[in-house]
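Next up, query-v6.tsv (TSV, C-alpha atoms):
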chain	number	residue	atom	x	y	z
O	1128	MET	CA	22.53	-35.83	-16.51
O	1129	SER	CA	23.40	-32.18	-16.97
O	1130	PRO	CA	21.94	-29.51	-14.67
O	1131	LEU	CA	18.85	-27.60	-15.73
O	1132	THR	CA	19.58	-24.40	-17.64
O	1133	ALA	CA	17.37	-21.40	-18.32
O	1134	VAL	CA	17.00	-22.49	-21.96
O	1135	ASP	CA	15.91	-25.99	-20.81
O	1136	ALA	CA	13.42	-24.47	-18.36
O	1137	ALA	CA	11.96	-22.25	-21.09
O	1138	ALA	CA	11.61	-25.26	-23.41
O	1139	ARG	CA	9.78	-27.25	-20.72
O	1140	LEU	CA	7.42	-24.33	-20.04
O	1141	ARG	CA	6.76	-23.98	-23.77
O	1142	GLU	CA	6.11	-27.72	-24.24
O	1143	GLN	CA	4.05	-28.40	-21.12
O	1144	LEU	CA	2.10	-25.16	-20.69
O	1145	ALA	CA	1.95	-23.76	-24.24
O	1146	VAL	CA	3.38	-20.39	-23.18
O	1147	GLU	CA	6.11	-18.31	-24.77
O	1148	PRO	CA	8.79	-17.57	-22.15
O	1149	THR	CA	11.75	-15.28	-22.72
O	1150	VAL	CA	15.27	-15.97	-21.51
O	1151	ALA	CA	17.80	-13.35	-20.40
O	1152	GLY	CA	20.88	-14.96	-18.90
O	1153	GLU	CA	19.70	-17.20	-16.06
O	1154	VAL	CA	16.23	-15.62	-15.85
O	1155	VAL	CA	13.22	-17.13	-17.57
O	1156	THR	CA	10.23	-14.77	-17.73
O	1157	VAL	CA	6.77	-16.13	-18.40
O	1158	THR	CA	3.49	-14.21	-18.53
O	1159	VAL	CA	0.26	-16.11	-17.94
O	1160	PRO	CA	-3.38	-15.11	-17.43
O	1161	PRO	CA	-4.61	-15.04	-13.81
O	1162	GLU	CA	-6.59	-18.26	-14.26
O	1163	ARG	CA	-3.31	-20.11	-15.03
O	1164	TRP	CA	-1.27	-18.38	-12.27
O	1165	GLN	CA	-1.42	-21.22	-9.73
O	1166	ALA	CA	-1.02	-24.06	-12.24
O	1167	THR	CA	2.05	-22.39	-13.73
O	1168	ALA	CA	3.51	-21.82	-10.25
O	1169	GLU	CA	2.95	-25.50	-9.37
O	1170	PHE	CA	4.76	-26.54	-12.56
O	1171	VAL	CA	7.65	-24.16	-11.87
O	1172	ARG	CA	8.07	-25.52	-8.35
O	1173	GLY	CA	7.41	-29.19	-9.02
O	1174	THR	CA	9.00	-29.69	-12.43
O	1175	LEU	CA	11.63	-26.95	-12.62
O	1176	GLY	CA	12.60	-27.24	-8.94
O	1177	CYS	CA	12.21	-23.55	-8.09
O	1178	ILE	CA	11.67	-23.97	-4.36
O	1179	PHE	CA	13.03	-20.59	-3.21
O	1180	PHE	CA	10.41	-17.81	-3.24
O	1181	SER	CA	12.38	-14.61	-3.71
O	1182	PHE	CA	9.70	-11.90	-3.94
O	1183	LEU	CA	6.27	-10.85	-5.13
O	1184	THR	CA	5.09	-7.36	-5.96
O	1185	ALA	CA	2.66	-5.47	-8.18
O	1186	ILE	CA	2.90	-2.79	-10.83
O	1187	ASP	CA	0.09	-0.28	-11.35
O	1188	TRP	CA	-0.25	0.38	-15.07
O	1189	LYS	CA	-3.08	2.88	-14.50
O	1190	GLU	CA	-5.76	2.33	-17.17
O	1191	GLN	CA	-4.35	-1.09	-18.12
O	1192	GLY	CA	-4.76	-2.37	-14.55
O	1193	LEU	CA	-2.43	-4.15	-12.17
O	1194	GLU	CA	0.31	-6.64	-12.92
O	1195	ILE	CA	1.65	-9.16	-10.41
O	1196	LEU	CA	5.29	-10.19	-10.57
O	1197	CYS	CA	6.79	-13.11	-8.68
O	1198	ARG	CA	10.40	-14.31	-8.76
O	1199	VAL	CA	11.44	-17.83	-7.71
O	1200	GLN	CA	14.72	-19.72	-7.93
O	1201	ASN	CA	16.10	-23.21	-8.26
O	1202	LEU	CA	18.93	-23.23	-5.72
O	1203	ASP	CA	20.66	-26.25	-7.28
O	1204	THR	CA	20.95	-24.85	-10.80
O	1205	PRO	CA	21.39	-21.37	-12.22
O	1206	VAL	CA	17.69	-20.94	-13.04
O	1207	THR	CA	15.41	-18.12	-11.92
O	1208	VAL	CA	11.81	-17.83	-13.08
O	1209	ALA	CA	9.92	-14.55	-13.14
O	1210	LEU	CA	6.17	-15.18	-13.26
O	1211	ARG	CA	3.94	-12.34	-14.42
O	1212	THR	CA	0.20	-11.93	-14.72
O	1213	ARG	CA	-1.91	-8.97	-15.79
O	1214	LEU	CA	-5.13	-8.58	-13.83
O	1215	GLY	CA	-6.69	-6.14	-16.28
O	1216	ALA	CA	-8.51	-2.88	-15.69
O	1217	GLY	CA	-10.83	-2.98	-12.68
O	1218	ASN	CA	-9.72	-6.46	-11.58
O	1219	GLU	CA	-8.01	-6.59	-8.18
O	1220	HIS	CA	-8.16	-10.37	-7.62
O	1221	CYS	CA	-5.40	-12.91	-8.10
O	1222	PRO	CA	-5.14	-16.52	-6.87
O	1223	THR	CA	-2.82	-16.97	-3.89
O	1224	LEU	CA	0.52	-18.76	-4.12
O	1225	THR	CA	0.68	-19.53	-0.38
O	1226	GLY	CA	-0.22	-23.18	-0.94
O	1227	ILE	CA	2.77	-23.54	-3.26
O	1228	TRP	CA	5.34	-21.36	-1.47
O	1229	ARG	CA	4.87	-20.42	2.18
O	1230	GLY	CA	7.09	-17.41	1.53
O	1231	ALA	CA	4.30	-15.85	-0.53
O	1232	ASP	CA	2.25	-15.21	2.64
O	1233	TRP	CA	3.68	-11.91	3.87
O	1234	MET	CA	4.50	-10.63	0.40
O	1235	GLU	CA	0.90	-11.11	-0.74
O	1236	ARG	CA	-0.24	-9.30	2.39
O	1237	GLU	CA	2.13	-6.45	1.59
O	1238	CYS	CA	0.82	-6.37	-1.98
O	1239	TRP	CA	-2.73	-6.12	-0.58
O	1240	ASP	CA	-1.66	-3.35	1.77
O	1241	MET	CA	0.19	-1.25	-0.80
O	1242	PHE	CA	-1.71	-2.01	-4.05
O	1243	GLY	CA	-5.09	-3.40	-3.02
O	1244	VAL	CA	-4.67	-6.79	-4.69
O	1245	ARG	CA	-6.93	-9.44	-3.13
O	1246	PHE	CA	-5.24	-12.84	-3.19
O	1247	ASP	CA	-8.12	-15.28	-3.35
O	1248	GLY	CA	-7.59	-18.21	-0.99
O	1249	HIS	CA	-4.98	-16.44	1.16
O	1250	PRO	CA	-5.08	-17.82	4.73
O	1251	ASP	CA	-4.60	-14.47	6.53
O	1252	HIS	CA	-5.66	-11.63	4.29
O	1253	ARG	CA	-5.13	-8.52	6.42
O	1254	ARG	CA	-2.84	-5.53	6.35
O	1255	ILE	CA	0.78	-6.12	7.34
O	1256	LEU	CA	2.39	-2.65	7.16
O	1257	LEU	CA	-0.42	-0.19	7.75
O	1258	ASP	CA	-3.10	0.01	10.41
O	1259	GLU	CA	-6.39	-1.78	9.65
O	1260	THR	CA	-8.13	1.61	9.70
O	1261	TRP	CA	-5.92	3.00	6.92
O	1262	GLU	CA	-7.91	4.03	3.87
O	1263	GLY	CA	-6.61	3.27	0.41
O	1264	HIS	CA	-3.45	1.67	-0.93
O	1265	PRO	CA	-0.46	4.05	-1.07
O	1266	LEU	CA	1.41	2.59	-4.06
O	1267	ARG	CA	-1.57	2.81	-6.38
O	1268	LYS	CA	-1.23	5.59	-8.93
O	1269	ASP	CA	-4.73	6.81	-8.09
O	1270	TYR	CA	-3.90	7.22	-4.39
O	1271	ALA	CA	-4.35	10.80	-3.13
O	1272	VAL	CA	-0.91	11.70	-1.80
O	1273	ASP	CA	-2.19	14.87	-0.15
O	1274	THR	CA	-4.58	12.98	2.17
O	1275	PRO	CA	-3.85	13.96	5.78
O	1276	HIS	CA	-2.90	11.06	8.06
O	1277	ALA	CA	-2.25	10.89	11.75
O	1278	PRO	CA	1.47	10.60	12.53
O	1279	TYR	CA	2.94	7.26	13.55
O	1280	ARG	CA	3.65	6.86	17.25

Will you turn the file into structure tokens for me?
Amino acid sequence: MSPLTAVDAAARLREQLAVEPTVAGEVVTVTVPPERWQATAEFVRGTLGCIFFSFLTAIDWKEQGLEILCRVQNLDTPVTVALRTRLGAGNEHCPTLTGIWRGADWMERECWDMFGVRFDGHPDHRRILLDETWEGHPLRKDYAVDTPHAPYR
């Protein structure tokens, strides 16, 4: 049996989940709606063997809303999957991936801290970088950069 390739992974995603992934080298990128975020992640881990959680972050597209990006890898084959979901304007909620990858825990907390994304079902949803009294989310494009803050000690 030959090792899984990015093209094979894309074909499995297409067949099983009816999505249209793109392939660039060893990276398979798939965009799904938030309601399919967890199911797609479970498939990627369980079927494609992507057990290494590399990172999770958000992108603020201003009027179009927030996008969540997660990158996971199969350490036995040259396959990396980039999962993307668009939350849409005014939506700041996304299902958590902590039940699928424990490594999502701190990165989802950081995403909450910096972008204000609430990961529904997260076991410890509190700030990780900034003080609990901090107001706002500094990486949002609507964040007031001229807001005075007390210096760190």

*stretch 1186-1201 of chain O: which residues within 8 Å, counting all atoms listed in the file, same-chain residues fewer than 3 positions away excluded, as JSON, numbers by chain?*
{"O": [1175, 1176, 1177, 1178, 1179, 1180, 1181, 1182, 1183, 1204, 1205, 1206, 1207, 1208, 1209, 1210, 1211, 1212, 1213, 1214, 1215, 1216, 1217, 1218, 1219, 1242, 1266, 1267, 1268, 1269]}

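Nearest residue to O:His1220 among O:Ala1271, O:Pro1160, O:Trp1233, O:Ile1255 is O:Pro1160, counting all atoms listed in the file.
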
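Of note, atom CA of O:Leu1144 and atom CA of O:Asp1247 are spaced 22.4 Å apart.
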
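The space between atom CA of O:Met1234 and atom CA of O:Val1272 spans 23.1 Å.
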
_Close residues, O:Arg1141 itself excluded, 12 Å, all atoms listed in the file, min 2 positions apart in chain, as a list in words_ = Val1134, Asp1135, Ala1136, Ala1137, Ala1138, Arg1139, Gln1143, Leu1144, Ala1145, Val1146, Glu1147, Pro1148, Thr1149, Val1150, Val1155, Thr1156, Val1157, Thr1158, Val1159, Thr1167, Phe1170 and Val1171 of chain O

*Go through O:Thr1132, O:Gly1230, O:Ala1168, O:Glu1262 and flag the residue nearest O:Gly1152, using all atoms listed in the file for the distances.*
O:Thr1132

*asked:* Counting all atoms listed in the file, which residues have an atom no more than 10 Å from (1.0, -6.3, -1.4) in the file's coordinates? Please list them as an MDAnalysis selection string.
replied: chainID O and resid 1183:1185 1195 1232:1246 1254:1256 1264 1266

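When all atoms listed in the file are used to compute distances to O:Trp1228, the closest of the residues O:Gly1173, O:Pro1130, O:Pro1265, O:Pro1161 turns out to be O:Gly1173.
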
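Atom pair atom CA of O:Tyr1270 / atom CA of O:Pro1222 has a distance of 23.9 Å (rounded to one decimal).
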
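With distances taken over all atoms listed in the file, O:Glu1169 is the one residue among O:Glu1153, O:Glu1162, O:Glu1169, O:Asp1203 lying closest to O:Leu1140.
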
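Within a radius of 8 Å around (-2.4, -21.6, -3.8), the polymer residues are Gln1165, Pro1222, Thr1223, Leu1224, Thr1225, Gly1226, Ile1227, Gly1248 and His1249 of chain O, counting only C-alpha atoms.
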
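When all atoms listed in the file are used to measure the gap to O:Val1154, the shortest distance among O:Gly1263, O:Glu1142, O:Thr1174, O:Ala1133 belongs to O:Ala1133.
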